[in-house]
There are 2 protein chains.
Amino acid sequence: MVVDRSPRLDLVFHALAHPARRAIIRQLSGGERNLSELASPLRMTFPAATKHVRVLERANLVRRRVAGRQHLCRLRAAPLRDAMLWTEQFRRNWEARFEALDSLLEEMKSEEKSRSRRH
Amino acid sequence: MVVDRSPRLDLVFHALAHPARRAIIRQLSGGERNLSELASPLRMTFPAATKHVRVLERANLVRRRVAGRQHLCRLRAAPLRDAMLWTEQFRRNWEARFEALDSLLEEMKSEEKSRSRRH
DNA sequence: GAAATCGTAAACCTTATGGTATACTAAACC
DNA sequence: GGTTTAGTATACCATAAGGTTTACGATTTC
């Protein structure tokens, strides 16, 4: 597995890389919203905002259902979980390293203590 | 706080959105590497690979130090942690699903512990 | 000192991204 | 039925992204 071919992660991380899209996600964390509600706080035209929504849909972060003339959007959890798992994989790596450093320091500390007891 | 202005997160998520850059991070999780080592497994020219490294540096995910003629790169933890914290913020919206994530993480943790005991 | 090794720089190309304006469709509301 | 209201579609633009080639600089190594 030379290169991490995972188009799903590509889409998710890319979706999260824009402040407007993160703002949309934050709004949707409060529950279902229609496109107008999502667009209005963003400082851009309506079509631009709906493009961002579509990017989130491509990444499977947002599901849309049509109700009459309005399109209601809701958040999907799974892709965010995948993204977190990918990063977690390496955080664990570093924490292990920090733990190793910590135990090394503890070792040095107790060595010093026993040495000072002997002398 | 209408829009989530956070250029640091922009850079981090954007950096993570490319498979080659994730591959570099995965390599660096094994310790320091020079640019040639990082580039060789990627199916692209050397200059293209070093551009990816620079994207990771802009996001503060990679620190580089020069030693003679080679440039040694290492991973930085903080930005990944920030990215995870951002997603963590929405955890309560899908707690049921995150229970599954928690148990998976516990599994990874105990696996790692047993691995480090063996070594 | 010549040659190999490790890396940068610049020019260039193609495609993607993020935005606009404008015109249009369809449902709701008097 | 006419008019808001909600949203799509298309054309267009500027810039960023991702890649190449080519040429160059600086350390090792023999």
# chains A, B, ... in the order shown; residues from 1 in each chain; ligands from 1
>>> interface_residues(of="chain A", to="chain C", cutoff="8 Å", atoms="only C-alpha atoms (C1' of nucleotides)", output="PyMOL selection string")
chain A and resi 45+48+68-69
>>> closest_atom_pairs(of="chain A", to="chain D", cutoff="8 Å", atoms="only C-alpha atoms (C1' of nucleotides)", output="Markdown table")
| residue | atom | partner | partner_atom | distance |
| --- | --- | --- | --- | --- |
| A:Ser36 | CA | D:DA6 | C1' | 7.4 |
| A:Arg69 | CA | D:DA6 | C1' | 5.7 |
| A:Gln70 | CA | D:DA6 | C1' | 5.6 |
| A:His71 | CA | D:DG7 | C1' | 7.9 |
>>> atom_distance(atom1="atom CA of Ala67 of chain B", atom2="atom CA of Leu38 of chain B")
15.8 Å
>>> closest_residue(among="A:Ile25, A:Val53, A:Ala17, A:Ala83", to="chain B", atoms="only C-alpha atoms")
A:Ala17
>>> select_by_dssp(residues="segment 8-70 of chain B", states="alpha helix (DSSP H)", output="PyMOL selection string")
chain B and resi 8-16+19-28+35-39+46-58
>>> write_last_selection(atoms="N, CA and C atoms", output="compact mmCIF listing (two decimals), in the first residue's frame")
# COMPACT_ATOMS: atom_id res chain seq x y z
N ARG B 8 -5.92 28.23 9.91
CA ARG B 8 -5.10 27.08 10.29
C ARG B 8 -5.79 25.78 9.95
N LEU B 9 -7.07 25.70 10.30
CA LEU B 9 -7.83 24.49 9.97
C LEU B 9 -7.96 24.32 8.47
N ASP B 10 -8.15 25.44 7.76
CA ASP B 10 -8.17 25.36 6.29
C ASP B 10 -6.93 24.63 5.81
N LEU B 11 -5.78 25.07 6.27
CA LEU B 11 -4.52 24.50 5.80
C LEU B 11 -4.38 23.04 6.17
N VAL B 12 -4.77 22.71 7.40
CA VAL B 12 -4.61 21.33 7.86
C VAL B 12 -5.51 20.39 7.06
N PHE B 13 -6.79 20.72 6.99
CA PHE B 13 -7.71 19.84 6.28
C PHE B 13 -7.32 19.74 4.80
N HIS B 14 -6.95 20.87 4.23
CA HIS B 14 -6.52 20.82 2.83
C HIS B 14 -5.29 19.92 2.68
N ALA B 15 -4.38 20.01 3.61
CA ALA B 15 -3.17 19.17 3.53
C ALA B 15 -3.53 17.70 3.59
N LEU B 16 -4.54 17.37 4.38
CA LEU B 16 -4.91 15.96 4.56
C LEU B 16 -5.75 15.44 3.39
N PRO B 19 -4.05 12.08 -1.22
CA PRO B 19 -3.51 10.77 -0.85
C PRO B 19 -1.98 10.77 -0.73
N ALA B 20 -1.32 11.50 -1.59
CA ALA B 20 0.14 11.51 -1.52
C ALA B 20 0.60 12.12 -0.19
N ARG B 21 -0.10 13.18 0.23
CA ARG B 21 0.30 13.82 1.48
C ARG B 21 -0.03 12.93 2.68
N ARG B 22 -1.13 12.20 2.61
CA ARG B 22 -1.42 11.26 3.69
C ARG B 22 -0.37 10.16 3.71
N ALA B 23 0.08 9.75 2.53
CA ALA B 23 1.12 8.72 2.47
C ALA B 23 2.40 9.24 3.12
N ILE B 24 2.72 10.50 2.88
CA ILE B 24 3.92 11.09 3.49
C ILE B 24 3.79 11.09 5.00
N ILE B 25 2.62 11.48 5.48
CA ILE B 25 2.40 11.50 6.93
C ILE B 25 2.57 10.11 7.50
N ARG B 26 2.01 9.13 6.80
CA ARG B 26 2.12 7.76 7.29
C ARG B 26 3.58 7.34 7.36
N GLN B 27 4.35 7.72 6.34
CA GLN B 27 5.79 7.40 6.37
C GLN B 27 6.46 8.06 7.56
N LEU B 28 6.13 9.33 7.76
CA LEU B 28 6.79 10.08 8.83
C LEU B 28 6.38 9.59 10.21
N LEU B 35 13.88 13.86 2.11
CA LEU B 35 12.93 14.08 1.02
C LEU B 35 12.96 12.96 -0.01
N SER B 36 14.13 12.42 -0.29
CA SER B 36 14.21 11.33 -1.26
C SER B 36 13.43 10.12 -0.79
N GLU B 37 13.59 9.80 0.47
CA GLU B 37 12.84 8.66 1.01
C GLU B 37 11.34 8.91 0.92
N LEU B 38 10.94 10.14 1.19
CA LEU B 38 9.51 10.46 1.14
C LEU B 38 8.99 10.40 -0.29
N ALA B 39 9.82 10.84 -1.23
CA ALA B 39 9.36 10.95 -2.62
C ALA B 39 9.32 9.60 -3.32
N PHE B 46 10.14 14.01 -8.55
CA PHE B 46 10.66 14.50 -7.28
C PHE B 46 10.16 15.91 -6.95
N PRO B 47 10.22 16.85 -7.88
CA PRO B 47 9.71 18.19 -7.56
C PRO B 47 8.25 18.18 -7.12
N ALA B 48 7.45 17.35 -7.75
CA ALA B 48 6.03 17.28 -7.34
C ALA B 48 5.93 16.82 -5.90
N ALA B 49 6.74 15.83 -5.54
CA ALA B 49 6.69 15.31 -4.18
C ALA B 49 7.10 16.38 -3.16
N THR B 50 8.15 17.12 -3.47
CA THR B 50 8.60 18.13 -2.52
C THR B 50 7.57 19.26 -2.39
N LYS B 51 6.81 19.49 -3.44
CA LYS B 51 5.71 20.46 -3.31
C LYS B 51 4.71 19.99 -2.26
N HIS B 52 4.42 18.70 -2.28
CA HIS B 52 3.48 18.17 -1.28
C HIS B 52 4.05 18.35 0.12
N VAL B 53 5.34 18.12 0.25
CA VAL B 53 5.95 18.30 1.57
C VAL B 53 5.79 19.76 2.01
N ARG B 54 5.93 20.66 1.07
CA ARG B 54 5.81 22.07 1.46
C ARG B 54 4.38 22.41 1.88
N VAL B 55 3.40 21.77 1.24
CA VAL B 55 2.01 21.96 1.68
C VAL B 55 1.85 21.51 3.13
N LEU B 56 2.47 20.39 3.46
CA LEU B 56 2.40 19.89 4.83
C LEU B 56 3.10 20.84 5.79
N GLU B 57 4.19 21.45 5.34
CA GLU B 57 4.88 22.41 6.19
C GLU B 57 4.03 23.65 6.43
N ARG B 58 3.38 24.13 5.37
CA ARG B 58 2.51 25.30 5.52
C ARG B 58 1.44 25.04 6.56
>>> residues_around(residues="Glu32 of chain A", least_positions_apart="2", cutoff="8 Å", atoms="only C-alpha atoms (C1' of nucleotides)", output="PDB file with N, CA and C atoms, in the first residue's frame")
ATOM      1  N   LEU A  28     -25.749  22.769  10.738  1.00  0.00           N
ATOM      2  CA  LEU A  28     -26.519  21.525  10.651  1.00  0.00           C
ATOM      3  C   LEU A  28     -26.418  20.702  11.926  1.00  0.00           C
ATOM      4  N   GLY A  30     -27.123  21.740  14.597  1.00  0.00           N
ATOM      5  CA  GLY A  30     -28.288  22.148  15.373  1.00  0.00           C
ATOM      6  C   GLY A  30     -29.582  21.553  14.851  1.00  0.00           C
ATOM      7  N   ASN A  34     -32.968  24.189   5.777  1.00  0.00           N
ATOM      8  CA  ASN A  34     -33.118  24.245   4.321  1.00  0.00           C
ATOM      9  C   ASN A  34     -32.002  25.108   3.734  1.00  0.00           C
ATOM     10  N   LEU A  72     -34.339  20.162   2.461  1.00  0.00           N
ATOM     11  CA  LEU A  72     -33.882  20.114   3.847  1.00  0.00           C
ATOM     12  C   LEU A  72     -32.633  19.259   3.950  1.00  0.00           C
ATOM     13  N   CYS A  73     -31.625  19.795   4.647  1.00  0.00           N
ATOM     14  CA  CYS A  73     -30.335  19.111   4.750  1.00  0.00           C
ATOM     15  C   CYS A  73     -30.091  18.655   6.173  1.00  0.00           C
ATOM     16  N   ARG A  74     -29.435  17.515   6.291  1.00  0.00           N
ATOM     17  CA  ARG A  74     -29.053  17.026   7.609  1.00  0.00           C
ATOM     18  C   ARG A  74     -27.648  16.455   7.551  1.00  0.00           C
ATOM     19  N   LEU A  75     -27.025  16.432   8.709  1.00  0.00           N
ATOM     20  CA  LEU A  75     -25.647  15.964   8.819  1.00  0.00           C
ATOM     21  C   LEU A  75     -25.598  14.440   8.817  1.00  0.00           C
TER      22      LEU A  75
END
>>> atom_distance(atom1="atom CA of Ala77 of chain A", atom2="atom CA of Phe90 of chain B")
9.0 Å
